[in-house]
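Containing CSV, C-alpha atoms: upload-v8.csv.
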```csv
chain,number,residue,atom,x,y,z
L,1,MET,CA,143.4,166.9,134.6
L,2,ALA,CA,143.5,164.8,131.4
L,3,VAL,CA,140.4,164.6,129.3
L,4,LEU,CA,140.0,161.4,127.2
L,5,PRO,CA,138.9,161.9,123.6
L,6,ARG,CA,135.6,160.4,122.4
L,7,CYS,CA,137.3,158.0,119.9
L,8,THR,CA,136.3,154.4,120.6
L,9,VAL,CA,133.7,152.5,122.6
L,10,LEU,CA,136.4,151.7,125.1
L,11,CYS,CA,136.9,155.3,126.2
L,12,ALA,CA,135.0,157.0,129.1
L,13,GLY,CA,133.7,159.7,126.8
L,14,CYS,CA,134.8,163.2,127.9
L,15,LYS,CA,134.9,162.5,131.6
L,16,PRO,CA,138.2,163.3,133.3
L,17,LEU,CA,140.2,160.2,134.1
L,18,PRO,CA,140.5,160.9,137.9
L,19,GLU,CA,136.6,160.9,138.1
L,20,THR,CA,136.2,157.6,136.3
L,21,LEU,CA,139.1,155.6,137.7
L,22,PRO,CA,137.7,155.0,141.3
L,23,HIS,CA,134.3,154.0,139.9
L,24,MET,CA,135.9,151.5,137.4
L,25,LEU,CA,138.0,150.0,140.2
L,26,PHE,CA,135.0,149.6,142.5
L,27,VAL,CA,132.8,148.0,139.7
L,28,GLY,CA,135.7,145.7,138.7
L,29,ALA,CA,136.2,144.6,142.3
L,30,VAL,CA,132.5,143.9,142.8
L,31,ILE,CA,132.3,141.9,139.6
L,32,ILE,CA,135.4,139.9,140.3
L,33,SER,CA,134.2,139.2,143.9
L,34,TYR,CA,130.9,138.0,142.6
L,35,MET,CA,132.7,135.8,140.0
L,36,GLY,CA,134.8,134.3,142.9
L,37,LEU,CA,131.6,133.5,144.8
L,38,LEU,CA,130.1,131.7,141.8
L,39,VAL,CA,133.3,129.7,141.2
L,40,GLY,CA,133.4,128.8,144.9
L,41,LEU,CA,129.8,127.5,144.7
L,42,ALA,CA,130.5,125.7,141.5
L,43,VAL,CA,133.5,123.7,142.8
L,44,ALA,CA,132.1,123.0,146.3
L,45,ALA,CA,131.8,119.3,146.8
L,46,PRO,CA,128.6,118.3,148.7
L,47,GLY,CA,129.4,117.5,152.3
L,48,ALA,CA,133.1,118.4,152.0
L,49,SER,CA,133.1,121.9,153.5
L,50,VAL,CA,130.9,124.6,154.9
L,51,THR,CA,129.6,125.5,151.4
L,52,GLY,CA,129.3,121.9,150.5
L,53,THR,CA,127.2,121.3,153.6
L,54,LEU,CA,125.0,124.2,152.7
L,55,ILE,CA,124.6,123.0,149.1
L,56,GLU,CA,123.2,119.7,150.4
L,57,PHE,CA,120.2,121.6,152.0
L,58,VAL,CA,119.1,123.1,148.7
L,59,PRO,CA,117.0,120.8,146.6
L,60,GLY,CA,118.6,119.7,143.3
L,61,ASN,CA,116.1,121.4,141.0
L,62,TRP,CA,116.5,124.7,142.8
L,63,ARG,CA,120.3,124.5,142.3
L,64,ASP,CA,119.8,124.1,138.6
L,65,GLU,CA,117.4,127.0,138.3
L,66,ALA,CA,119.6,129.1,140.6
L,67,HIS,CA,121.9,129.6,137.6
L,68,ILE,CA,119.3,131.9,135.9
L,69,PRO,CA,119.3,134.7,138.5
L,70,ALA,CA,123.0,134.2,139.4
L,71,TYR,CA,124.3,134.5,135.9
L,72,GLY,CA,121.7,137.1,135.0
L,73,MET,CA,123.0,139.3,137.8
L,74,LEU,CA,126.6,138.8,136.6
L,75,ALA,CA,125.7,139.7,133.1
L,76,TRP,CA,123.8,142.8,134.3
L,77,MET,CA,126.7,143.9,136.4
L,78,VAL,CA,129.1,143.5,133.5
L,79,MET,CA,126.8,145.4,131.1
L,80,TRP,CA,126.1,148.1,133.7
L,81,GLY,CA,129.9,148.5,134.3
L,82,LEU,CA,130.5,148.9,130.5
L,83,ARG,CA,127.6,151.4,130.2
L,84,ARG,CA,129.1,153.4,133.1
L,85,ARG,CA,132.4,153.3,131.2
L,86,GLY,CA,130.7,155.0,128.2
L,87,TRP,CA,129.9,152.0,126.0
L,88,PRO,CA,126.8,152.2,123.9
L,89,VAL,CA,124.1,149.7,125.0
L,90,LEU,CA,124.3,147.9,121.7
L,91,TYR,CA,128.0,147.1,122.3
L,92,ALA,CA,127.7,146.4,126.0
L,93,ILE,CA,124.9,143.8,125.7
L,94,PRO,CA,126.7,141.3,123.4
L,95,VAL,CA,130.0,141.7,125.4
L,96,GLY,CA,128.1,141.1,128.7
L,97,VAL,CA,126.2,138.1,127.4
L,98,LEU,CA,129.2,136.5,125.7
L,99,GLY,CA,131.5,137.2,128.7
L,100,THR,CA,129.0,135.6,131.1
L,101,LEU,CA,128.5,132.6,128.8
L,102,VAL,CA,132.3,132.1,128.6
L,103,PHE,CA,132.5,132.4,132.4
L,104,GLY,CA,129.7,129.9,132.8
L,105,LEU,CA,131.4,127.5,130.5
L,106,TRP,CA,134.6,127.8,132.5
L,107,THR,CA,132.8,127.2,135.8
L,108,GLU,CA,131.1,124.1,134.3
L,109,VAL,CA,134.5,122.8,133.2
L,110,ALA,CA,135.9,123.5,136.7
L,111,GLN,CA,132.9,121.9,138.3
L,112,GLY,CA,133.5,118.7,136.2
L,113,THR,CA,136.9,118.3,137.9
L,114,VAL,CA,135.4,118.1,141.4
L,115,PRO,CA,134.5,114.6,142.8
L,116,SER,CA,130.8,114.0,143.0
L,117,ARG,CA,130.1,117.0,140.8
L,118,GLU,CA,129.6,117.1,137.0
L,119,ALA,CA,129.4,119.6,134.2
L,120,SER,CA,126.1,119.8,132.5
L,121,LEU,CA,124.7,121.4,129.4
L,122,PRO,CA,121.4,122.4,131.1
L,123,ASP,CA,123.4,124.5,133.6
L,124,LEU,CA,125.1,126.3,130.7
L,125,LEU,CA,121.8,126.9,129.0
L,126,ASN,CA,120.4,128.3,132.3
L,127,ASP,CA,123.4,130.6,132.4
L,128,LEU,CA,122.6,131.8,128.9
L,129,VAL,CA,118.9,132.3,129.8
L,130,GLY,CA,119.9,134.4,132.8
L,131,SER,CA,122.3,136.6,130.8
L,132,LEU,CA,119.7,137.0,128.0
L,133,MET,CA,117.1,138.1,130.6
L,134,ALA,CA,119.6,140.7,131.9
L,135,ALA,CA,120.3,141.8,128.3
L,136,VAL,CA,116.6,142.4,127.7
L,137,LEU,CA,116.3,144.4,131.0
L,138,MET,CA,119.4,146.4,130.0
L,139,ARG,CA,118.1,147.1,126.5
L,140,TYR,CA,114.7,148.3,127.6
L,141,GLN,CA,115.7,150.0,130.9
L,142,LEU,CA,116.8,153.3,129.2
L,143,PRO,CA,113.7,153.7,126.9
L,144,ALA,CA,111.4,153.0,129.9
L,145,ARG,CA,113.2,155.6,132.0
L,146,ASP,CA,113.1,158.2,129.2
L,147,LEU,CA,109.4,157.5,128.7
L,148,LEU,CA,108.7,158.0,132.4
L,149,LYS,CA,110.6,161.3,132.4
L,150,ARG,CA,108.7,162.5,129.4
L,151,CYS,CA,105.3,161.6,131.0
L,152,LEU,CA,106.1,163.2,134.3
L,153,SER,CA,107.4,166.4,132.7
L,154,ALA,CA,104.4,166.6,130.5
L,155,ARG,CA,102.1,166.1,133.4
L,156,MET,CA,103.9,168.7,135.5
L,157,ARG,CA,103.6,171.2,132.6
L,158,HIS,CA,100.0,170.4,132.1
L,159,THR,CA,99.1,170.9,135.8
L,160,GLY,CA,101.6,173.7,136.3
L,161,VAL,CA,102.7,172.1,139.6
L,162,GLN,CA,106.3,172.0,140.4
L,163,THR,CA,107.1,169.9,143.5
L,164,LYS,CA,110.3,169.9,145.4
L,165,GLY,CA,112.9,167.5,144.0
L,166,THR,CA,111.3,167.2,140.5
L,167,GLU,CA,113.1,170.0,138.9
L,168,SER,CA,115.7,167.6,137.4
L,169,ILE,CA,113.3,165.2,136.0
```
What is this file in structure tokens?
Amino acid sequence: MAVLPRCTVLCAGCKPLPETLPHMLFVGAVIISYMGLLVGLAVAAPGASVTGTLIEFVPGNWRDEAHIPAYGMLAWMVMWGLRRRGWPVLYAIPVGVLGTLVFGLWTEVAQGTVPSREASLPDLLNDLVGSLMAAVLMRYQLPARDLLKRCLSARMRHTGVQTKGTESI
């Protein structure tokens, strides 16, 4: 079993390759599938197909603000996948945000080629807001989890109570 050296931010740390490969493929497939869904919704012409008919039922202002959670989720998945790959959070955040922004720009350009749809700067800004919100969550997720672990372990030491399932906290 080959062990990868800890040499760059692109490596998987010291995890054996057979353990990391299935996880990388799964995360990659989920991210690419979600990107395909976003592209499908971006190029759907209102009233032209099933997705186009569904888009007509959603009010226009909801469609604009839907970019925030949609692209925030994409950015979070990319950053989470990079973190699982062994990237430090300070490298994964800018790559996730920039990758999501480039993808958002690309979908806006593709949307501009569809009849009755147009590319818009506010949509791209909503994409950026969503990815930045995901970056903030990713940045402060680990310190909050560590703080919770420290508080729980201090409380358990103080009370002397060890409950089932808390041994690993």
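The nearest approach to Leu90 (chain L) among the residues L:Trp62, L:Glu56, L:Ser120, L:Ala135, with all atoms listed in the file taken into account, belongs to L:Ala135.
Going from CA of Pro94 (chain L) over to CA of Met79 (chain L), you cover 8.7 Å.
For the atom pair formed by CA of Ala44 (chain L) and CA of Val114 (chain L), the distance is 7.7 Å, given to one decimal.
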I'd like the interatomic distance between CA of Ile31 (chain L) and CA of Val129 (chain L), to a tenth of an Å. 19.2 Å
Output, as AutoDock Vina command-line options, the centre and edge lengths in Å (one decimal) of the axis-aligned box that contains all listed atoms of region 102-121 of chain L with 6 Å of margin on each side.
```
--center_x 130.8 --center_y 123.2 --center_z 135.8 --size_x 24.2 --size_y 30.4 --size_z 26.4
```
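Taking all atoms listed in the file into account, Phe103 (chain L) lies nearest to L:Tyr71 out of the set L:Ser153, L:Pro22, L:Tyr71, L:Ala29.
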Got a sec: who's within 9 Å of Leu98 (chain L), counting only C-alpha atoms, leaving out chain neighbours fewer than 6 positions off, as a ChimeraX atom specification? /L:75,128,131
Could you list, as a PyMOL selection string, every residue within 12 Å of Arg139 (chain L), counting all atoms listed in the file and ignoring same-chain residues fewer than 2 positions away? chain L and resi 76+79-80+83+88-94+96+132-137+141-145
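Counting all atoms listed in the file, the residue from L:Ala70, L:Leu121, L:Leu41, L:Val27 that sits nearest to Leu82 (chain L) is L:Val27.
Nearest to Asp127 (chain L) of all the residues L:Ile55, L:Leu21, L:Val109, L:Val97 is L:Val97, counting only C-alpha atoms.
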